[in-house]
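K.L.:
Have a look at this one.
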Protein chains: 2
Amino acid sequence: MPTTEESAPRLLVVDDEPNIRELLSVSLRFSGFEVVAAATGRDALESAERDPPDLVVLDVMLPDLDGFQVARRLRESRQVPILFLTARDALQDKVAGLTLGGDDYVTKPFSLEEVVARIRSVLRRTRGDTPSAARYRVGDLELNEDAHEVRRGGRLIELSPTEYKLLRYLMLNSGRVLSKAQILDRVWNYDFAGQHGIVESYVSFLRHKLESQGSRMIYTVRGLGYILREPHEGD
Amino acid sequence: MPTTEESAPRLLVVDDEPNIRELLSVSLRFSGFEVVAAATGRDALESAERDPPDLVVLDVMLPDLDGFQVARRLRESRQVPILFLTARDALQDKVAGLTLGGDDYVTKPFSLEEVVARIRSVLRRTRGDTPSAARYRVGDLELNEDAHEVRRGGRLIELSPTEYKLLRYLMLNSGRVLSKAQILDRVWNYDFAGQHGIVESYVSFLRHKLESQGSRMIYTVRGLGYILREPHEGD
DNA sequence: CGCGCTCGTGACCGGGCTGTTACCAAGTCT
DNA sequence: AGACTTGGTAACAGCCCGGTCACGAGCGCG
């Protein structure tokens with residue numbers, strides 16, 4: 001029985017690679033979740049029994065049991081939504097069949113923005129809070145998660161996938177300065193080794209599309225990063 | 001906001017294969033039903049007595065009692081509609097005989113779209129509320145579930161079974177982006193392990209038939225999937 | 001038995017997205 | 001004011017992704 005209480009959702013993160021496990025734990029905790037981690041399928045099952053999570057983030061490649069077995073065992077005792085992590089190329093066919101119940105999956109390497117967005121989406125659907133309400137708004141700028149649409153002053157704005165992820169991250173943190181390093185970590189895949197110049201490029205793209213017929217929304221904070229906010233009187 | 005639901009219909013799912021039982025439970029729950037599962041005929045009868053369901057999804061091949069016996073016993077106490085699950089080749093005629101009362105059946109392997117549609121159909125008929133009103137509409141596109149007809153702007157459009165299932169799924173989720181994995185899971189049979197290229201093919205077919213004399217309705221969301229919606233001002 | 005329809009796969013093609021580089025503008029320090 | 005640093009934008013090439021076509025298998029129907 002999913003708790004309707006206001007406390008942070010509890011997540012169980014299951015991955016055998018320490019780096020990935022750590023990466024996920026830290027940043028999900030930072031995103032406001034309560035996180036417990038496990039390295040093996042057995043540990044995961046044990047942990048889930050002791051302290052039932054609201055959602056499980058589950059790597060399908062585990063040393064002892066495979067992810068599907070773990071999923072089934074998890075559900076024998078209690079209904080719990082699962083976000084699967086899987087390699088891009090492997091198991092394509094098996095992965096199909098995972099999104100059935102409201103579960104979802106993300107391919108490795110992922111971006112943290114992606115993972116967090118999917119977790120929120122699954123939890124939203126599972127908890128049954130108004131089965132279609134994922135909208136964010138900053139000033140006259142609005143983002144609809146379900147339809148994957150962005151509008152400014154009602155006017156539709158077409159964005160590429162990366163542009164969309166970047167904007168979502170900015171909107172979820174509107175009024176807060178985000179460094180290029182933070183943006184790179186969250187929006188791009190964790191194994192991305194490129195220059196941070198790409199953030200500037202994509203900010204530029206977004207400005208073009210968002211601000212061509214309106215006021216400025218993405219402000220540069222020199223030496224620090226970027227901030228999305230409504231205009232002040234001054235600017 | 002308080003969900004306006006007058007309590008979701010309660011289903012009893014009876015199947016001895018854990019995978020199928022799990023598959024059905026999870027996805028029917030996700031489709032908005034309240035689900036109780038049972039692995040054997042005896043468990044099913046016991047569960048039904050304790051907590052009478054609105055409809056029973058019943059595999060005809062069970063280890064202890066066969067589905068027909070279960071059906072008969074179920075009805076000794078109370079009239080309840082049944083959706084039978086059966087192998088494609090076996091017992092076609094026997095099952096057919098049972099569907100007279102408003103029951104229905106689906107052959108294994110099924111697609112979830114099929115199962116959900118049949119359940120809704122049976123419940124609609126059984127409950128008698130709004131007799132024969134299963135119409136979905138998006139813009140000038142309408143789908144009549146009873147007549148199995150699709151029209152755009154009043155003009156009849158002939159669709160193959162797969163095309164129809166795909167369109168129904170898109171229409172039921174209009175305004176929401178659906179990934180190819182989701183589509184594959186819901187529209188195609190659960191044991192289908194093909195590439196997702198087939199989704200593209202069928203979307204292509206649908207576009208030909210739906211959009212040949214009208215505006216675009218199925219939009220591609222790059223990197224994500226497809227969305228069915230009315231045209232925006234822009235496009 | 002064969003015709004035709006439908007389903008599913010593989011291949012090719014085109015376009016858009018991505019990420020880099022280079023150059024220019026603006027800001028900052030001395 | 002000059003030099004150096006930092007950010008903005010345009011241009012470009014590679015590539016991945018999706019659309020469509022065409023072919024083959026399976027099946028039902030005549």
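All residue names refer to the structure tokens as shown: chains lettered A, B, ... in order, residues numbered from 1 in each chain, ligands numbered from 1 in order.
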Output the contact residues of chain C with respect to chain B at a cut-off of 12 Å, based on only C-alpha atoms (C1' of nucleotides), as a ChimeraX atom specification.

P.N.:
/C:5-10,16-17

K.L.:
Might you pull out every residue within 12 Å of C:DG2, with only C-alpha atoms (C1' of nucleotides) counted and same-chain residues fewer than 3 positions away left off, and present them as a PDB file with N, CA and C atoms (P, O5', C5', C4', C3', O3' and C1' of nucleotides), in the first residue's frame?

P.N.:
```pdb
ATOM      1  P    DG D  28      -6.034 -18.940 -41.369  1.00  0.00           P
ATOM      2  O5'  DG D  28      -7.161 -18.240 -42.239  1.00  0.00           O
ATOM      3  C5'  DG D  28      -7.224 -16.812 -42.264  1.00  0.00           C
ATOM      4  C4'  DG D  28      -8.009 -16.365 -43.488  1.00  0.00           C
ATOM      5  C3'  DG D  28      -9.245 -17.215 -43.771  1.00  0.00           C
ATOM      6  O3'  DG D  28     -10.300 -16.354 -44.169  1.00  0.00           O
ATOM      7  C1'  DG D  28      -7.805 -17.248 -45.650  1.00  0.00           C
ATOM      8  P    DC D  29     -11.763 -16.878 -44.235  1.00  0.00           P
ATOM      9  O5'  DC D  29     -12.145 -16.500 -45.724  1.00  0.00           O
ATOM     10  C5'  DC D  29     -11.402 -15.501 -46.415  1.00  0.00           C
ATOM     11  C4'  DC D  29     -11.527 -15.733 -47.906  1.00  0.00           C
ATOM     12  C3'  DC D  29     -12.746 -16.587 -48.298  1.00  0.00           C
ATOM     13  O3'  DC D  29     -13.466 -15.945 -49.327  1.00  0.00           O
ATOM     14  C1'  DC D  29     -10.774 -17.493 -49.248  1.00  0.00           C
ATOM     15  P    DG D  30     -14.880 -16.502 -49.737  1.00  0.00           P
ATOM     16  O5'  DG D  30     -14.669 -16.769 -51.286  1.00  0.00           O
ATOM     17  C5'  DG D  30     -13.984 -15.810 -52.065  1.00  0.00           C
ATOM     18  C4'  DG D  30     -13.333 -16.479 -53.255  1.00  0.00           C
ATOM     19  C3'  DG D  30     -14.306 -17.316 -54.105  1.00  0.00           C
ATOM     20  O3'  DG D  30     -14.058 -17.055 -55.470  1.00  0.00           O
ATOM     21  C1'  DG D  30     -12.463 -18.638 -53.463  1.00  0.00           C
TER      22       DG D  30
END
```

K.L.:
Should the cut-off be 12 Å, what would the residue list for chain A against chain D look like, counting only C-alpha atoms (C1' of nucleotides), as a list in words?

P.N.:
Lys180, His196, Gly197, Ile198, Val199, Glu200, Ser201, Tyr202, Val203, Ser204, Phe205, Arg207, His208, Tyr219, Thr220, Val221, Arg222, Gly223, Leu224, Gly225 and Tyr226 of chain A

K.L.:
Counting only C-alpha atoms, which residue out of B:Pro53, B:Gly175, B:Pro109, B:Gly102 sits closest to chain A?

P.N.:
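Among B:Pro53, B:Gly175, B:Pro109, B:Gly102, it is B:Gly175 that comes nearest to chain A.
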
K.L.:
Measure the distance from atom CA of A:Leu156 to atom CA of B:Leu178 in Å and round it to one decimal.

P.N.:
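Between these atoms lies a distance of 19.6 Å.
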
K.L.:
Write out as JSON, numbers by chain all residues of stretch 91-218 of chain A that DSSP puts in helix (DSSP H, G or I) for this structure's backbone.

P.N.:
{"A": [92, 93, 94, 95, 112, 113, 114, 115, 116, 117, 118, 119, 120, 121, 122, 123, 124, 125, 126, 127, 161, 162, 163, 164, 165, 166, 167, 168, 169, 170, 171, 172, 180, 181, 182, 183, 184, 185, 186, 187, 197, 198, 199, 200, 201, 202, 203, 204, 205, 206, 207, 208, 209, 210, 211]}

K.L.:
Using only C-alpha atoms and a distance of at most 10 Å, pull out the residues of chain B that contact chain A, as a ChimeraX atom specification.

P.N.:
/B:1-4,18-19,22-32,112,173-186,189-196,221-224,226-229,232-235

K.L.:
Restricting it to C-alpha atoms, dump the selection as a compact mmCIF listing (two decimals), in the first residue's frame.

P.N.:
```txt
# COMPACT_ATOMS: atom_id res chain seq x y z
CA MET B 1 -7.93 16.91 -6.55
CA PRO B 2 -10.35 14.21 -5.54
CA THR B 3 -10.61 11.55 -8.17
CA THR B 4 -14.18 11.43 -9.40
CA PRO B 18 3.28 -16.65 -12.72
CA ASN B 19 4.52 -14.59 -15.64
CA GLU B 22 1.93 -10.96 -13.10
CA LEU B 23 1.69 -9.41 -16.53
CA LEU B 24 -2.08 -9.19 -16.33
CA SER B 25 -2.22 -8.02 -12.74
CA VAL B 26 0.25 -5.23 -13.16
CA SER B 27 -1.06 -3.88 -16.40
CA LEU B 28 -4.73 -4.17 -15.55
CA ARG B 29 -4.04 -2.37 -12.33
CA PHE B 30 -2.28 0.24 -14.37
CA SER B 31 -5.29 0.44 -16.67
CA GLY B 32 -7.35 1.54 -13.72
CA LEU B 112 -3.00 -6.21 -23.62
CA ASN B 173 -3.89 8.12 -24.89
CA SER B 174 -4.22 11.12 -27.15
CA GLY B 175 -2.25 14.10 -26.01
CA ARG B 176 0.34 11.90 -24.39
CA VAL B 177 3.61 10.71 -25.89
CA LEU B 178 3.85 6.94 -26.16
CA SER B 179 7.20 5.24 -26.58
CA LYS B 180 7.65 2.50 -29.12
CA ALA B 181 8.30 0.09 -26.28
CA GLN B 182 4.98 0.96 -24.68
CA ILE B 183 3.19 0.57 -27.99
CA LEU B 184 4.90 -2.72 -28.67
CA ASP B 185 3.94 -4.00 -25.24
CA ARG B 186 0.32 -3.03 -25.43
CA ASN B 189 1.15 -10.05 -28.37
CA TYR B 190 3.09 -10.47 -25.17
CA ASP B 191 5.35 -13.14 -26.64
CA PHE B 192 6.27 -11.02 -29.61
CA ALA B 193 9.99 -10.32 -29.60
CA GLY B 194 10.43 -8.39 -32.80
CA GLN B 195 12.15 -5.16 -33.51
CA HIS B 196 10.42 -1.90 -32.91
CA VAL B 221 8.50 12.99 -31.05
CA ARG B 222 12.09 12.33 -31.89
CA GLY B 223 13.91 10.04 -29.49
CA LEU B 224 10.72 9.33 -27.59
CA TYR B 226 4.54 9.10 -31.06
CA ILE B 227 1.64 11.26 -30.01
CA LEU B 228 -1.84 11.52 -31.46
CA ARG B 229 -3.39 14.94 -31.22
CA HIS B 232 -1.56 23.06 -33.51
CA GLU B 233 -1.65 26.49 -35.08
CA GLY B 234 1.95 26.05 -36.04
CA ASP B 235 1.96 22.84 -38.03
```

K.L.:
Report the residues of chain B whose backbone DSSP state falls under strand (DSSP E), written as a PyMOL selection string.

P.N.:
chain B and resi 10-14+34-38+55-59+82-87+104-108+135-138+141-144+149-152+155-157+178-179+218-221+225-228

K.L.:
Would you mind telling me which residue in A:Ile119, A:Met217, A:Leu12, A:Ala134 lies nearest to A:Arg152 when using only C-alpha atoms?

P.N.:
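Using only C-alpha atoms, A:Arg152 sits closest to A:Met217.
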